[in-house]
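Here the structure is laid out as C-alpha cells; the discussion comes afterwards.
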Amino acid sequence: MSSKISRNLAQIKSQLPKHVKLVAVTKTKPIGDILEAYNSGHKIFGENKVQELVEKHEQLPTDIEWHMIGHVQRNKVKYMAGFISLIHGVDSLRLIEEINKQAIKHNRVIDCLLQIKIAKENSKFGMGKDEAKTLLQSKAYSECSNVNIVGLMGMATFTDNMDQVRSEFEYLRDCYLEFKKSHPIFNTLSMGMSGDYQLALECGSNMIRVGSSIFGARN
Ligand SMILES: *Cc1c(COP(=O)(O)O)cnc(C)c1O
C-alpha cells in the first residue's frame, strides 16, 4: 500500500532530471512521516532547527543524509558536526571557522553552501555577492581545512510575481556559474521550494528543498 507521502515523493521525483537532488524538508513533521518517506526509498532530509535535527537524527536510521537548511547559530554547530552532510545557510566567516573547528574535532570535512540574499524582503538571511566572493578568496577560508564550500543557496521573495522570482533565481544561478569558474569544487545550486521549484529547475537549480508538497501543510 502506498501512502500519500510516498505518492507525493514519487510524483515530484518523476519530474526531476537525473542530476537534481531532492531534499525532503521535515521540519515540524513527526518521525512517522519521515519513516514513511524513508521506507519508500528516500534518504535525503532537511531540517531548519539544530535541536529538532539532532533529535530526529538520533531516532532515525543512520544511512539518512541530513541537511541543515536554516540559519545556524555558532554555538549550535557542535551538536550536528558529527553527522551533518550539508549545511545550506552559511553566511559568515565566523560561522565557517566554527564549523571548521567542530569538523576537525570529528575528523570530518563538512560541506557547506553560502546563502546569498536574493529576495527583496529585509528579513531574509544571507550574504551579498561581493561579500561571498571576498570570503571565498580569503586567506582565512583557505585555512579552514575541514570545510568545503561547494555551492550556493538562496530563497526567493515570497510572492505570486513569478517574473520577480525568476529574476532572483537567475541572479543566483549567474553568481553560482561565475564562482564555479574559480572554485571548480562547486557542484550545488540549492534553490526552489514547494511553491517555486519548477521555476527554480528552469533556472538551473540542481538541489530543491521541498516540504509541504510532500508532507502537507505545516501547523
Ligand atoms: C521550510 C523550508 C523549505 C521548504 O518549504 P516548503 O514551502 O514547505 O516546501 C525550504 N527551504 C527552507 C530554507 C525552509 O526553511
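We label chains A, B, ... in the order they appear in the C-alpha cells, count residues from 1 in each chain, and number ligands from 1 in the order shown.
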
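Residues within 12 Å of A:Leu201, counting only C-alpha atoms and excluding same-chain residues fewer than 2 positions away, are Gln15, Leu16, Pro17, Lys18, His19, Val20, Lys21, Leu22, Arg166, Phe169, Glu170, Arg173, Leu189, Ser190, Met191, Gly192, Met193, Ser194, Asp196, Tyr197, Gln198, Leu199, Cys203, Gly204, Ser205, Asn206, Met207, Ile208 and Arg209 of chain A.
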
Output file for the residues above (N, CA and C atoms, as a short mmCIF file (atom, residue, chain, number, x, y, z; two decimals), in the first residue's frame):
data_model
loop_
_atom_site.label_atom_id
_atom_site.label_comp_id
_atom_site.auth_asym_id
_atom_site.auth_seq_id
_atom_site.Cartn_x
_atom_site.Cartn_y
_atom_site.Cartn_z
N GLN A 15 9.34 14.23 -11.96
CA GLN A 15 9.54 15.45 -12.75
C GLN A 15 10.99 15.92 -12.75
N LEU A 16 11.83 15.28 -11.94
CA LEU A 16 13.19 15.82 -11.77
C LEU A 16 14.17 15.19 -12.74
N PRO A 17 14.98 16.03 -13.39
CA PRO A 17 16.09 15.48 -14.18
C PRO A 17 17.03 14.70 -13.26
N LYS A 18 17.76 13.76 -13.82
CA LYS A 18 18.63 12.86 -13.04
C LYS A 18 19.62 13.58 -12.13
N HIS A 19 20.14 14.72 -12.59
CA HIS A 19 21.20 15.38 -11.83
C HIS A 19 20.67 16.24 -10.67
N VAL A 20 19.36 16.29 -10.50
CA VAL A 20 18.78 17.14 -9.46
C VAL A 20 18.48 16.34 -8.20
N LYS A 21 18.96 16.87 -7.06
CA LYS A 21 18.69 16.21 -5.78
C LYS A 21 17.49 16.86 -5.09
N LEU A 22 16.71 16.01 -4.45
CA LEU A 22 15.55 16.47 -3.69
C LEU A 22 15.83 16.33 -2.20
N ARG A 166 11.68 34.57 -10.87
CA ARG A 166 12.61 34.12 -11.92
C ARG A 166 13.88 34.97 -11.95
N PHE A 169 16.12 33.98 -9.08
CA PHE A 169 16.77 32.68 -9.32
C PHE A 169 17.87 32.81 -10.38
N GLU A 170 17.59 33.58 -11.41
CA GLU A 170 18.61 33.74 -12.46
C GLU A 170 19.84 34.46 -11.93
N ARG A 173 21.78 31.88 -10.04
CA ARG A 173 22.47 30.97 -10.96
C ARG A 173 23.69 31.65 -11.58
N LEU A 189 23.72 24.00 -6.48
CA LEU A 189 22.94 25.23 -6.50
C LEU A 189 21.58 24.91 -5.90
N SER A 190 21.42 25.27 -4.62
CA SER A 190 20.23 24.90 -3.85
C SER A 190 19.21 26.02 -3.94
N MET A 191 18.22 25.83 -4.80
CA MET A 191 17.13 26.81 -4.87
C MET A 191 15.85 26.14 -5.34
N GLY A 192 14.74 26.57 -4.78
CA GLY A 192 13.43 26.03 -5.11
C GLY A 192 12.81 25.31 -3.93
N MET A 193 11.55 25.69 -3.64
CA MET A 193 10.77 25.09 -2.56
C MET A 193 9.43 24.65 -3.18
N SER A 194 8.48 24.27 -2.32
CA SER A 194 7.22 23.73 -2.86
C SER A 194 6.58 24.66 -3.90
N ASP A 196 7.87 27.05 -5.77
CA ASP A 196 8.63 27.62 -6.88
C ASP A 196 9.70 26.68 -7.45
N TYR A 197 9.65 25.39 -7.10
CA TYR A 197 10.76 24.55 -7.54
C TYR A 197 10.78 24.31 -9.05
N GLN A 198 9.57 24.31 -9.68
CA GLN A 198 9.59 24.10 -11.14
C GLN A 198 10.34 25.25 -11.84
N LEU A 199 10.05 26.45 -11.36
CA LEU A 199 10.73 27.62 -11.91
C LEU A 199 12.24 27.56 -11.59
N CYS A 203 15.60 27.52 -14.05
CA CYS A 203 16.69 28.50 -13.89
C CYS A 203 18.01 27.84 -13.51
N GLY A 204 18.07 26.51 -13.50
CA GLY A 204 19.36 25.85 -13.32
C GLY A 204 19.63 25.25 -11.95
N SER A 205 18.62 25.22 -11.09
CA SER A 205 18.82 24.60 -9.77
C SER A 205 19.20 23.13 -9.94
N ASN A 206 20.07 22.62 -9.05
CA ASN A 206 20.29 21.17 -9.04
C ASN A 206 20.04 20.56 -7.66
N MET A 207 19.44 21.38 -6.77
CA MET A 207 19.01 20.84 -5.47
C MET A 207 17.78 21.63 -5.02
N ILE A 208 16.66 20.92 -4.85
CA ILE A 208 15.46 21.60 -4.39
C ILE A 208 15.12 21.12 -2.98
N ARG A 209 14.51 22.04 -2.21
CA ARG A 209 14.18 21.75 -0.80
C ARG A 209 12.66 21.81 -0.68
#

### Query
Could you list, as number ranges by chain, all the residues within 6 Å of ligand 1, counting only C-alpha atoms and all ligand atoms?
A: 25, 48, 69-70, 193-195, 209-212

Selected residues, C-alpha atoms, written as a PDB file, in the first residue's frame, please.
ATOM      1  CA  VAL A  25      12.077  19.100   4.333  1.00  0.00           C
ATOM      2  CA  ASN A  48      15.902  24.165   9.835  1.00  0.00           C
ATOM      3  CA  ILE A  69      18.704  24.305   5.727  1.00  0.00           C
ATOM      4  CA  GLY A  70      18.026  27.044   8.283  1.00  0.00           C
ATOM      5  CA  MET A 193      10.767  25.086  -2.563  1.00  0.00           C
ATOM      6  CA  SER A 194       7.221  23.732  -2.862  1.00  0.00           C
ATOM      7  CA  GLY A 195       5.829  26.873  -4.454  1.00  0.00           C
ATOM      8  CA  ARG A 209      14.175  21.747  -0.804  1.00  0.00           C
ATOM      9  CA  VAL A 210      10.566  20.642  -0.660  1.00  0.00           C
ATOM     10  CA  GLY A 211       8.429  20.254   2.461  1.00  0.00           C
ATOM     11  CA  SER A 212       4.714  20.919   2.248  1.00  0.00           C
TER      12      SER A 212
END

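Neighbouring residues of A:Pro61 at 10 Å or closer, counting only C-alpha atoms and skipping chain neighbours under 6 positions away, are Leu35, Tyr38 and Lys43 of chain A.
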
Filtering to C-alpha atoms, could you give me those residues as an mmCIF file, in the first residue's frame?
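Below you can see out_35.cif, which holds the result:
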data_model
loop_
_atom_site.group_PDB
_atom_site.id
_atom_site.type_symbol
_atom_site.label_atom_id
_atom_site.label_comp_id
_atom_site.auth_asym_id
_atom_site.auth_seq_id
_atom_site.Cartn_x
_atom_site.Cartn_y
_atom_site.Cartn_z
ATOM 1 C CA LEU A 35 9.817 6.943 8.156
ATOM 2 C CA TYR A 38 12.389 6.703 4.167
ATOM 3 C CA LYS A 43 17.315 9.182 2.056
#

### Query
So which residues touch stretch 142-153 of chain A within 8 Å, counting only C-alpha atoms, skipping near sequence neighbours fewer than 5 positions away, as a count of residues only?
30

### Selection: 10 Å around A:Met127, only C-alpha atoms, excl. self and same-chain fewer than 2 positions, as a PyMOL selection string
chain A and resi 89-92+114-118+124-125+129-133+135+154

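Taking atom CA of A:Ser167 and atom CA of A:Met155 as the two end points, the separation is 12.1 Å.
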
### Task
List every residue of stretch 36-133 of chain A that DSSP, applied to the backbone of this structure, assigns to strand (DSSP E), and report them as an NGL selection string.
:A and (44-47 or 65-68 or 86-90 or 110-115)

Produce a file of the selected residues containing C-alpha atoms, as a PDB file, in the first residue's frame.
ATOM      1  CA  ILE A  44      17.906  12.950   1.997  1.00  0.00           C
ATOM      2  CA  PHE A  45      16.128  15.049   4.624  1.00  0.00           C
ATOM      3  CA  GLY A  46      16.383  18.669   5.721  1.00  0.00           C
ATOM      4  CA  GLU A  47      15.626  20.475   8.972  1.00  0.00           C
ATOM      5  CA  GLU A  65      21.763  12.135   4.700  1.00  0.00           C
ATOM      6  CA  TRP A  66      20.814  15.119   6.897  1.00  0.00           C
ATOM      7  CA  HIS A  67      20.906  18.672   5.602  1.00  0.00           C
ATOM      8  CA  MET A  68      20.707  21.805   7.759  1.00  0.00           C
ATOM      9  CA  LEU A  86      25.441  19.630   4.074  1.00  0.00           C
ATOM     10  CA  ILE A  87      24.866  22.999   5.770  1.00  0.00           C
ATOM     11  CA  HIS A  88      22.928  25.257   3.385  1.00  0.00           C
ATOM     12  CA  GLY A  89      22.623  28.513   5.323  1.00  0.00           C
ATOM     13  CA  VAL A  90      26.209  29.615   5.852  1.00  0.00           C
ATOM     14  CA  ILE A 110      31.840  19.327   6.256  1.00  0.00           C
ATOM     15  CA  ASP A 111      30.320  20.546   3.009  1.00  0.00           C
ATOM     16  CA  CYS A 112      28.592  23.925   3.136  1.00  0.00           C
ATOM     17  CA  LEU A 113      26.700  26.291   0.862  1.00  0.00           C
ATOM     18  CA  LEU A 114      26.869  30.054   1.103  1.00  0.00           C
ATOM     19  CA  GLN A 115      23.444  31.581   1.441  1.00  0.00           C
TER      20      GLN A 115
END

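Atom pair atom CA of A:Val50 / atom CA of A:Gly82 has a distance of 12.5 Å (rounded to one decimal).
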